[in-house]
Structures are given as structure tokens and as C-alpha cells.
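Structure record follows, encoded as C-alpha cells.
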Amino acid sequence: MGYTNPILPGFNPDPSVCRVGEDYYLVTSSFEFFPGVPIYHSRDLVHWEHIGYCLTRESQLPLRGCRSSGGIYAPSIRHHNGTFYMTTTNTTGGGNFLVSATNPAGPWSEPVWIRASGIDPSFFFDDDGKAYYLTSRDFKTGLPISLCEIDLETGALIGESTSIWQGTGGSYPEGPHLYKKDGWYFVMIAEGGTEASHMETIARSRDIRGPYEPCPRNPILTHRYRNTSVIHGTGHADMVEAHDGSWWIVFLAFRHAGYGLHHLGRETFIAPVTWEADGWPLVNGGDAIRLDMDVPTLPQVPLGPPRGPDRIDFDRPELDLSWNFVRTRSDVRHRIDTANRRLELWGNPLTLDDAATPAWIGRRQTDLDCTVSVRLDASGIGEGEEAGLTVFYNDNAHYEIFLRVRDGRRTVGVRRKVDDLCVISFEQPFEEAETTLLVVADRSRYWFGFGTDTEAALDNLVASGATRFVATEVHPGTFTGVYLGLYATGNGHDCAKPARFGSFSYDPFIRRNAGGRSIPYSDKTPLGTLLGDPRACEILDRRLPGLTGKIDRSSSALAGPLSPRLAMMLPGLTEADLRAAIEEISRL
């Protein structure tokens with residue numbers, strides 16, 4: 001039947017998975033966002049529902065003073081003797097720890113701290129009942145991948161740590177997981193760094209402490225040489241044997257949006273694994289990972305409604321699981337007024353520029369093309385205060401459309417903040433106390449609008465900002481992805497009254513107004529439109545190898561599908577070739 005990658009789109013990196021009977025549970029990294037370590041449930045490894053978080057209390061997740069992309073690094077989840085165990089590293093303070101639960105939706109225990117240096121910890125439970133703890137990049141001992149027996153009740157390590165493998169020579173050997181199959185112990189790790197050179201390698205031994213011999217086909221997973229693919233950075237993987245005996249590998253990757261950049265964050269993908277006659281695993285038959293995977297799957301069991309427009313009317317007393325805070329929630333005064341279907345958010349002295357906890361809540365952007373809108377009642381906004389809708393990467397990179405009051409006048413404006421550059425690209429007086437704020441996104445730009453309702457806002461796009469300036473590659477040392485959020489600020493003081501938000505809508509498509517008017521697009525040529533669709537790019541790559549890798553997708557120089565420039569780049573290309581590819585794309 002096949003499936004579509006990524007299985008968890010948007011900021012969902014460093015996946016780890018375990019199986020209990022015919023149920024599957026998966027966790028991903030959360031860095032500075034709260035609650036921490038989202039946990040997902042599936043019955044088929046393809047359709048996932050968000051069921052909770054492993055870290056929901058500040059006693060579990062102290063993040064005050066956390067830098068952007070600090071906090072919680074790669075978690076690992078395992079199930080043993082009726083209990084779920086999750087281990088991770090809080091790089092902001094405390095180091096490695098574990099929490100446990102009998103119900104994966106929570107609540108999870110208080111942390112059991114583990115005196116093991118390094119990051120990316122993982123558990124392994126052997127047949128003799130012993131539990132082992134793996135870590136990587138141990139800065140105290142210098143061990144790349146280390147193994148030690150552990151007491152799960154106390155977190156105490158038993159005996160000496162053993163360095164079991166150095167990797168194949170790639171940079172940053174990390175993310176270790178240990179498996180046992182057919183009498184062999186397999187250790188699988190990520191190498192090459194979590195960028196374009198990312199890869200997954202594996203080694204095996206008859207003894208858990210080694211020596212380990214590397215697979216002759218390493219790396220078993222990488223896209224480092226697949227320049228024309230929209231999928232890059234594949235690695236940091238975990239494997240699971242399904243209840244039907246098939247094997248699968250989950251891993252992070254990211255989708256390029258153009259310019260060799262990505263802004264949605266590292267996402268969770270999946271691919272089938274087969275075991276060859278020589279006893280080594282083969283990922284996806286050795287083929288490239290695709291967005292549309294035409295491979296046999298488990299019987300598919302959709303969980304929840306199909307993906308589509310998501311409207312939140314704030315008619316329930318608690319926020320949906322999709323919403324996050326930054327660093328903590330205790331500093332954010334908020335209340336859901338269910339009677340009037342709105343979220344009330346009191347601004348504090350902090351702004352979105354502060355590496356702390358502003359009055360902000362956000363949800364992941366999961367689609368390159370999407371439309372987001374929210375109704376804002378700003379009647380409570382006082383002098384020097386503001387509230388609005390933000391495209392938020394971190395405190396150093398964000399765009400927002402806002403209402404604010406300065407010198408007794410209310411204005412509507414658009415701000416773009418990138419590193420030490422900050423510009424108000426649009427601002428004008430605004431007499432109304434209520435409006436709809438709008439963001440429309442495609443792979444290259446965000447557009448900002450406002451109006452009496454969504455349709456009016458679509459007709460009133462007043463400013464834009466490039467996605468590339470909120471991309472990971474532009475901000476070295478960061479590992480998250482774009483959130484779409486609501487915020488309020490007193491710009492130095494606490495707000496006495498709240499900003500009131502209602503009817504938040506996320507639509508995974510570019511919306512057009514009632515008259516069918518198109519949202520501006522960065523390249524409106526026929527070829528440019530095709531290159532704006534990742535699935536179309538895959539078909540073009542297969543039918544016309546090298547095409548998308550040779551074309552600047554943002555260029556308007558391509559006047560038509562068979563312009564002289566295109567013919568020069570791909571000698572021998574015929575109109576029939578392109579027509580055949582377009583015909584296949586039209587059937588998507």
C-alpha cells in the first residue's frame with residue numbers, strides 16, 4: 001500500500017522507538033521547549049497519534065537559563081517487564097537521567113540521575129536479565145561509544161565502562177543503540193554530524209563488550225551524495241522488529257526548501273529493513289529514501305482524523321498537546337475562556353528576543369506550504385504593549401505580525417528579527433480593537449496580512465520575509481525548527497490585561513481568497529511551480545535525472561519549460577520528456 005514520509009513532519013528529531021505487542025511508541029528530542037520529549041503511539045508504524053510528553057513538570061525538566069538548542073538532547077525509549085523507560089540528557093543541567101512509567105501517556109516518574117558522562121544515552125536489556133547503558137561522546141573518558149551495566153532503580157552504574165566501538169572514522173560518532181539478533185550483538189550509531197554528511201553505521205560482535213566488526217556495506221543509511229533529493233541529513237536512527245516479523249528503521253532527515261537550507265527542522269522518517277544472507281541489515285533495499293515510499297507495510301491503522309485543516313476554538317479548558325512553551329510554562333500567565341472560546345495571554349516584561357520565557361505558546365510548522373490565522377482582540381493592550389502571531393525559530397530569529405500601542409496610538413505592523421538585525425517592514429495606524437492576523441507560507445517565503453476575517457486578510461498581504469533567514473544553516477549550532485506561535489509582551493513590564501486570541505487555524509495548504517486570487521509565489525514559471533512541490537521534484541529526478549540539482553529554484557530566468565537556459569543545462573531534453581513527467585505529476 002505504501003506510505004508518505006516524513007511520518008512525523010516538522011521539528012521531530014532523534015527518534016527512538018519500541019514495541020509492546022502490536023503497539024509502537026516513539027519519542028523525539030525537544031531541546032528548550034516545554035513540555036519535553038513528546039511521545040507518539042502507532043499500530044502500523046505509519047500513522048501516529050501524539051499521546052503525551054515524558055517530561056511535564058519543572059522538577060523533571062529544569063530549563064531556566066537554557067540557551068537556544070540546549071536542554072533535552074536525543075532520548076531513547078524501551079519497554080521491559082511491564083515498564084517503559086525513557087533516558088535522555090539535559091545539557092542545561094543535571095546531565096543524563098531516566099524516567100519510567102507503566103502508562104506511556106503518563107504520568108512519568110521523577111528523574112533518576114545517572115552518573116554517566118556523554119550524550120545520547122540508550123538502554124539494552126539482555127536475555128540474562130541484565131540492563132546496560134550506552135552513551136556517546138563521553139567528554140570525561142574520551143570514549144566514543146561506551147557501555148556499562150546499570151541498576152535501573154538507583155541509576156548506579158555497575159563496574160567499569162567499556163569502549164565498544166570507535167565508528168568508521170566519521171565525525172561525531174553518537175546516538176548508539178544496541179540490538180541482539182541470531183546470537184549477534186549489533187551496535188548502530190550515527191556519524192558525520194547531523195547535517196548533509198549525516199550517516200548511520202553498524203557493527204556486530206558475539207560478545208556484548210566486543211570486539212565489534214563493522215558492516216562491509218557501511219554506511220547502511222545516508223543521503224550525503226544524493227544531491228538532487230529533497231531529503232537530506234538521514235541518520236540518528238533506531239530499529240524495531242514489528243509484530244509480523246518485519247524490521248523497520250526510524251531516523252531523522254530534513255527536507256530542503258531551497259538554497260540548500262531547511263527551516264522546518266529535522267523530521268522523523270521510516271524505511272523497511274531486510275536482513276541479508278550474510279547477516280547484515282539492508283535499508284530500503286539499498287535505494288534512496290523517498291517522500292512517497294512504494295513498499296509493503298503493516299496493515300494500516302489510521303489513528304485520529306486524516307491530516308487536513310486544523311482549527312482550534314479554545315473551547316476546552318486545557319491546551320491541545322500540539323502547543324509548547326519555551327523553557328517553562330510557570331512564567332506564562334494564560335487562561336482558556338471556554339465560554340467565549342478564546343485564549344487569554346498576559347504579557348510579561350520579556351520579548352521574543354529574550355533567551356528566557358516570554359508569554360508565548362507555539363505549535364510546530366509541519367508543512368512547507370501552509371496558511372495560519374488567528375483572531376486577536378487587542379482591546380486590553382496598553383501603552384507600550386503588543387501582541388500578535390509569530391514565525392518563531394528562536395530568540396535570535398523570528399518574524400511577527402502584531403498590534404501594539406505607542407504614544408497612545410494603536411498600530412498594526414510586521415517585524416523581522418535575524419541575529420543583530422531587526423526591521424519593522426510595515427506599520428500603520430489601526431483603529432479597530434479586533435482583527436484577523438494571517439501568515440501564508442511556501443518553501444521560500446512567509447507573507448503577512450490582516451483584515452476583518454481570513455478572506456479579507458488574504459486580500460491584504462502587507463509584507464513578507466524569506467524562509468532562509470529562519471533556517472538552521474543560517475544559525476550554526478541550532479537544532480530545532482520553526483514554530484507558529486501566539487505571544488504578548490509588556491516590553492519591560494507585566495501587562496495588567498490580557499491579549500485575547502480566538503479561532504486559531506492551521507491549514508496545510510496555501511490559501512487563496514474567495515475570488516481565487518493566487519498568493520504571490522517566488523517563481524511562477526511552469527517549471528518553477530513544479531520545483532515548488534517536493535513530490536513533483538522526486539518524479540522529475542527519476543524521469544529527468546539531474547534536472548532539479550542544476551536549476552536555481554528561485555530564479556525567474558526560466559521563461560518556460562524549454563527555455564534556452566534549460567536546454568543548455570540538460571542537452572537532449574525534449575518536450576516529450578517533460579510532458580511525460582508532468583503527466584505523471586498531474587496524477588498525484
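By convention here, the chains of the C-alpha cells are called A, B, ... in the order presented, each chain's residues are numbered starting at 1, and ligands are numbered starting at 1 in the order presented.
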
Set the distance at 8 Å and use only C-alpha atoms: which residues neighbour Val439 (chain A) once local chain neighbours fewer than 5 positions away are removed? I'd like the list as a VMD selection string.
chain A and resid 371 to 373 446 to 449

How about saving the chosen residues, all heavy atoms kept, as a compact mmCIF listing (two decimals), in the first residue's frame?
# COMPACT_ATOMS: atom_id res chain seq x y z
N THR A 371 -1.16 27.86 5.61
CA THR A 371 -1.78 29.13 5.94
C THR A 371 -2.19 29.10 7.40
O THR A 371 -2.81 28.13 7.85
CB THR A 371 -3.02 29.38 5.06
OG1 THR A 371 -2.65 29.33 3.68
CG2 THR A 371 -3.63 30.74 5.36
N VAL A 372 -1.84 30.13 8.14
CA VAL A 372 -2.13 30.20 9.57
C VAL A 372 -2.83 31.52 9.86
O VAL A 372 -2.41 32.58 9.35
CB VAL A 372 -0.85 30.12 10.41
CG1 VAL A 372 -1.16 30.14 11.89
CG2 VAL A 372 -0.07 28.87 10.06
N SER A 373 -3.91 31.47 10.64
CA SER A 373 -4.59 32.70 11.01
C SER A 373 -5.08 32.61 12.44
O SER A 373 -5.27 31.52 12.98
CB SER A 373 -5.77 32.97 10.07
OG SER A 373 -6.76 31.95 10.19
N TYR A 446 7.41 33.76 3.73
CA TYR A 446 6.23 33.97 4.57
C TYR A 446 5.62 35.31 4.18
O TYR A 446 6.34 36.30 4.03
CB TYR A 446 6.60 34.01 6.05
CG TYR A 446 7.13 32.72 6.61
CD1 TYR A 446 8.50 32.52 6.78
CD2 TYR A 446 6.27 31.70 7.01
CE1 TYR A 446 9.00 31.34 7.31
CE2 TYR A 446 6.75 30.52 7.54
CZ TYR A 446 8.11 30.35 7.68
OH TYR A 446 8.61 29.17 8.21
N TRP A 447 4.29 35.33 3.99
CA TRP A 447 3.58 36.58 3.76
C TRP A 447 2.69 36.88 4.96
O TRP A 447 2.12 35.95 5.55
CB TRP A 447 2.72 36.50 2.50
CG TRP A 447 3.53 36.54 1.24
CD1 TRP A 447 3.97 37.63 0.56
CD2 TRP A 447 3.99 35.41 0.50
NE1 TRP A 447 4.68 37.25 -0.55
CE2 TRP A 447 4.72 35.89 -0.61
CE3 TRP A 447 3.87 34.02 0.68
CZ2 TRP A 447 5.32 35.05 -1.54
CZ3 TRP A 447 4.47 33.18 -0.24
CH2 TRP A 447 5.18 33.70 -1.33
N PHE A 448 2.54 38.16 5.27
CA PHE A 448 1.78 38.59 6.44
C PHE A 448 0.64 39.49 6.01
O PHE A 448 0.83 40.39 5.18
CB PHE A 448 2.70 39.33 7.42
CG PHE A 448 3.85 38.49 7.89
CD1 PHE A 448 5.05 38.47 7.18
CD2 PHE A 448 3.74 37.71 9.02
CE1 PHE A 448 6.11 37.68 7.60
CE2 PHE A 448 4.80 36.92 9.46
CZ PHE A 448 5.98 36.91 8.74
N GLY A 449 -0.54 39.23 6.57
CA GLY A 449 -1.69 40.04 6.24
C GLY A 449 -2.62 40.19 7.43
O GLY A 449 -2.49 39.50 8.45

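Counting only C-alpha atoms, Arg443 (chain A) has the following residues at most 8 Å away, ignoring those fewer than 5 positions along the same chain: Ala257, Gly258, Leu368, Asp369, Thr467 and Gly532 of chain A.
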
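The space separating CA of His475 (chain A) from CA of Arg404 (chain A) comes to 28.6 Å.
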
So which residues touch Glu431 (chain A) within 10 Å, counting only C-alpha atoms, skipping near sequence neighbours fewer than 6 positions away, as a PyMOL selection string?
chain A and resi 409-412

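Nearest to Ile249 (chain A) of all the residues A:Asn340, A:Ser16, A:Asn491, A:Thr89 is A:Ser16, based on only C-alpha atoms.
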
Computed interatomic separation between CA of Ala471 (chain A) and CA of Gly10 (chain A) (Å)
12.7 Å

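Residues in contact range of region 215-224 of chain A, defined as at most 7 Å between only C-alpha atoms, with sequence neighbours fewer than 6 positions away removed, read Ala196, Ser197, His198, Met199, Glu200, Thr201, Ile202, Ala203, His232, Gly233, Thr234, Gly235, Trp280, Leu282 and Val283 of chain A.
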
Based on the selection just made, write N, CA and C atoms of those residues as a short mmCIF file (atom, residue, chain, number, x, y, z; two decimals), in the first residue's frame.
data_model
loop_
_atom_site.label_atom_id
_atom_site.label_comp_id
_atom_site.auth_asym_id
_atom_site.auth_seq_id
_atom_site.Cartn_x
_atom_site.Cartn_y
_atom_site.Cartn_z
N ALA A 196 24.49 17.63 6.29
CA ALA A 196 24.43 16.96 5.00
C ALA A 196 25.24 15.67 4.97
N SER A 197 26.29 15.55 5.78
CA SER A 197 27.13 14.35 5.76
C SER A 197 26.66 13.28 6.74
N HIS A 198 25.50 13.45 7.31
CA HIS A 198 24.98 12.50 8.30
C HIS A 198 24.88 11.10 7.71
N MET A 199 25.13 10.09 8.54
CA MET A 199 25.02 8.70 8.07
C MET A 199 24.82 7.79 9.27
N GLU A 200 24.35 6.58 8.99
CA GLU A 200 24.14 5.57 10.01
C GLU A 200 25.03 4.37 9.69
N THR A 201 25.79 3.91 10.70
CA THR A 201 26.70 2.78 10.51
C THR A 201 26.41 1.73 11.58
N ILE A 202 26.91 0.51 11.35
CA ILE A 202 26.58 -0.59 12.25
C ILE A 202 27.76 -1.56 12.33
N ALA A 203 27.89 -2.23 13.49
CA ALA A 203 28.93 -3.23 13.70
C ALA A 203 28.34 -4.34 14.56
N HIS A 232 17.54 15.15 3.00
CA HIS A 232 18.96 15.23 3.33
C HIS A 232 19.17 14.95 4.81
N GLY A 233 20.42 14.68 5.18
CA GLY A 233 20.79 14.54 6.58
C GLY A 233 20.27 13.28 7.24
N THR A 234 20.04 12.21 6.50
CA THR A 234 19.48 10.99 7.09
C THR A 234 20.45 10.37 8.09
N GLY A 235 19.93 10.01 9.25
CA GLY A 235 20.76 9.40 10.27
C GLY A 235 20.09 9.43 11.63
N TRP A 280 23.79 -9.13 7.70
CA TRP A 280 23.82 -7.68 7.89
C TRP A 280 22.51 -7.07 7.41
N LEU A 282 19.93 -4.39 5.53
CA LEU A 282 19.90 -3.59 4.30
C LEU A 282 18.68 -2.67 4.39
N VAL A 283 18.91 -1.38 4.33
CA VAL A 283 17.84 -0.40 4.47
C VAL A 283 17.22 -0.08 3.12
#

Rounded to one decimal place, report the CA of Leu321 (chain A)-CA of His493 (chain A) distance in Å.
29.4 Å

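Distance check against Arg364 (chain A) using only C-alpha atoms: of A:Trp346, A:Trp323, A:Phe84, A:Tyr225, the minimum falls on A:Trp323.
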
Calculated over only C-alpha atoms, which of the candidates A:Leu152, A:Glu213, A:Lys130, A:Leu458 has the smallest distance to Thr168 (chain A)?
A:Glu213

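Distance check against Asn12 (chain A) using only C-alpha atoms: of A:Phe501, A:Tyr25, A:Phe31, A:Phe123, the minimum falls on A:Phe31.
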
Please extract the residues of region 310-534 of chain A with a backbone DSSP assignment of strand (DSSP E) and present them as a PyMOL selection string.
chain A and resi 310-312+325-326+333-337+342-346+359-364+370-377+386-394+397-406+409-418+421-429+434-441+445-451+461-466+483-489+499-507

A:Pro107, A:Thr87, A:Arg316, A:Leu134: which is nearest Gly52 (chain A), counting only C-alpha atoms?
A:Pro107

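All residues of protein, DNA or RNA that reach within 8 Å of Ser136 (chain A), judged by only C-alpha atoms and not counting those fewer than 5 positions away in the chain, are Gly118, Ile119, Asp120, Pro121, Leu143, Pro144, Ile145, Ser146, Pro173, Glu174, Gly175 and Pro176 of chain A.
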
Using only all heavy atoms, please write the residues we just selected to a file, as a tab-separated table (two decimals), in the first residue's frame.
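What landed in again.tsv:
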chain	number	residue	atom	x	y	z
A	118	GLY	N	28.71	12.13	28.74
A	118	GLY	CA	28.35	11.91	27.34
A	118	GLY	C	26.89	12.23	27.08
A	118	GLY	O	26.15	12.65	27.97
A	119	ILE	N	26.47	12.01	25.85
A	119	ILE	CA	25.10	12.34	25.43
A	119	ILE	C	24.50	11.13	24.70
A	119	ILE	O	25.14	10.11	24.51
A	119	ILE	CB	25.08	13.57	24.50
A	119	ILE	CG1	25.94	13.33	23.24
A	119	ILE	CG2	25.55	14.82	25.24
A	119	ILE	CD1	25.82	14.42	22.19
A	120	ASP	N	23.25	11.29	24.31
A	120	ASP	CA	22.53	10.29	23.51
A	120	ASP	C	22.48	8.91	24.18
A	120	ASP	O	22.81	7.89	23.57
A	120	ASP	CB	23.15	10.13	22.12
A	120	ASP	CG	23.16	11.42	21.32
A	120	ASP	OD1	22.63	12.42	21.82
A	120	ASP	OD2	23.71	11.43	20.22
A	121	PRO	N	22.06	8.84	25.44
A	121	PRO	CA	22.06	7.54	26.13
A	121	PRO	C	20.97	6.62	25.61
A	121	PRO	O	19.98	7.05	25.03
A	121	PRO	CB	21.80	7.93	27.59
A	121	PRO	CG	21.01	9.19	27.49
A	121	PRO	CD	21.58	9.93	26.31
A	143	LEU	N	35.73	8.23	25.61
A	143	LEU	CA	35.18	7.06	24.92
A	143	LEU	C	34.13	7.49	23.90
A	143	LEU	O	33.18	8.20	24.25
A	143	LEU	CB	34.55	6.09	25.92
A	143	LEU	CG	35.46	5.57	27.04
A	143	LEU	CD1	34.67	4.64	27.96
A	143	LEU	CD2	36.67	4.85	26.47
A	144	PRO	N	34.26	7.09	22.63
A	144	PRO	CA	33.24	7.45	21.64
A	144	PRO	C	31.89	6.80	21.94
A	144	PRO	O	30.88	7.47	22.05
A	144	PRO	CB	33.83	6.96	20.32
A	144	PRO	CG	35.27	6.75	20.57
A	144	PRO	CD	35.38	6.38	22.01
A	145	ILE	N	31.88	5.46	22.05
A	145	ILE	CA	30.66	4.72	22.37
A	145	ILE	C	30.98	3.83	23.57
A	145	ILE	O	31.83	2.94	23.48
A	145	ILE	CB	30.17	3.86	21.19
A	145	ILE	CG1	30.01	4.70	19.93
A	145	ILE	CG2	28.87	3.15	21.56
A	145	ILE	CD1	28.97	5.81	20.04
A	146	SER	N	30.34	4.09	24.70
A	146	SER	CA	30.66	3.34	25.91
A	146	SER	C	29.46	2.55	26.40
A	146	SER	O	28.31	2.92	26.16
A	146	SER	CB	31.16	4.28	27.02
A	146	SER	OG	30.15	5.21	27.38
A	173	PRO	N	30.74	10.43	16.29
A	173	PRO	CA	30.03	9.16	16.49
A	173	PRO	C	29.10	9.28	17.70
A	173	PRO	O	29.55	9.61	18.80
A	173	PRO	CB	31.17	8.16	16.73
A	173	PRO	CG	32.33	8.99	17.19
A	173	PRO	CD	32.20	10.31	16.52
A	174	GLU	N	27.82	9.05	17.50
A	174	GLU	CA	26.84	9.30	18.56
A	174	GLU	C	25.56	8.52	18.30
A	174	GLU	O	25.45	7.77	17.32
A	174	GLU	CB	26.53	10.81	18.63
A	174	GLU	CG	26.01	11.39	17.32
A	174	GLU	CD	25.98	12.91	17.31
A	174	GLU	OE1	26.46	13.54	18.27
A	174	GLU	OE2	25.46	13.47	16.33
A	175	GLY	N	24.58	8.71	19.18
A	175	GLY	CA	23.27	8.08	19.02
A	175	GLY	C	23.31	6.56	19.01
A	175	GLY	O	22.68	5.93	18.16
A	176	PRO	N	24.04	5.90	19.96
A	176	PRO	CA	24.16	4.44	19.88
A	176	PRO	C	22.89	3.71	20.31
A	176	PRO	O	22.18	4.14	21.23
A	176	PRO	CB	25.30	4.15	20.87
A	176	PRO	CG	25.18	5.24	21.91
A	176	PRO	CD	24.75	6.45	21.13

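Across region 349-495 of chain A, DSSP run on the backbone finds helix (DSSP H, G or I) at Thr454, Glu455, Ala456, Ala457, Leu458, Thr467, Arg468, Phe469, Val470, Thr472, Glu473 and Val474 of chain A.
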
Store the residues picked out above in a file with N, CA, C and O atoms, as a short mmCIF file (atom, residue, chain, number, x, y, z; two decimals), in the first residue's frame.
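That gives us selection01.cif:
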data_model
loop_
_atom_site.label_atom_id
_atom_site.label_comp_id
_atom_site.auth_asym_id
_atom_site.auth_seq_id
_atom_site.Cartn_x
_atom_site.Cartn_y
_atom_site.Cartn_z
N THR A 454 -10.41 35.99 7.56
CA THR A 454 -9.31 35.38 6.82
C THR A 454 -9.33 35.78 5.36
O THR A 454 -8.27 36.06 4.77
N GLU A 455 -10.51 35.79 4.75
CA GLU A 455 -10.58 36.15 3.32
C GLU A 455 -10.10 37.58 3.10
O GLU A 455 -9.38 37.86 2.13
N ALA A 456 -10.48 38.49 3.99
CA ALA A 456 -10.04 39.88 3.85
C ALA A 456 -8.53 39.98 4.06
O ALA A 456 -7.84 40.76 3.38
N ALA A 457 -8.00 39.20 5.00
CA ALA A 457 -6.56 39.23 5.24
C ALA A 457 -5.79 38.69 4.05
O ALA A 457 -4.70 39.18 3.72
N LEU A 458 -6.34 37.67 3.38
CA LEU A 458 -5.70 37.14 2.18
C LEU A 458 -5.62 38.19 1.08
O LEU A 458 -4.74 38.16 0.23
N THR A 467 12.14 32.50 4.05
CA THR A 467 12.29 31.36 4.95
C THR A 467 13.76 31.09 5.25
O THR A 467 14.09 30.54 6.30
N ARG A 468 14.65 31.46 4.34
CA ARG A 468 16.06 31.11 4.52
C ARG A 468 16.66 31.78 5.76
O ARG A 468 17.64 31.28 6.31
N PHE A 469 16.09 32.89 6.21
CA PHE A 469 16.68 33.58 7.37
C PHE A 469 16.21 32.98 8.70
O PHE A 469 16.71 33.39 9.75
N VAL A 470 15.29 32.04 8.65
CA VAL A 470 14.93 31.29 9.85
C VAL A 470 15.29 29.82 9.66
O VAL A 470 14.69 28.93 10.23
N THR A 472 18.02 26.54 9.71
CA THR A 472 19.04 26.02 10.62
C THR A 472 20.45 26.38 10.16
O THR A 472 21.31 26.75 10.97
N GLU A 473 20.72 26.27 8.86
CA GLU A 473 22.07 26.51 8.36
C GLU A 473 22.53 27.95 8.56
O GLU A 473 23.74 28.23 8.59
N VAL A 474 21.60 28.89 8.67
CA VAL A 474 21.95 30.29 8.87
C VAL A 474 22.30 30.57 10.33
O VAL A 474 22.90 31.60 10.65
#
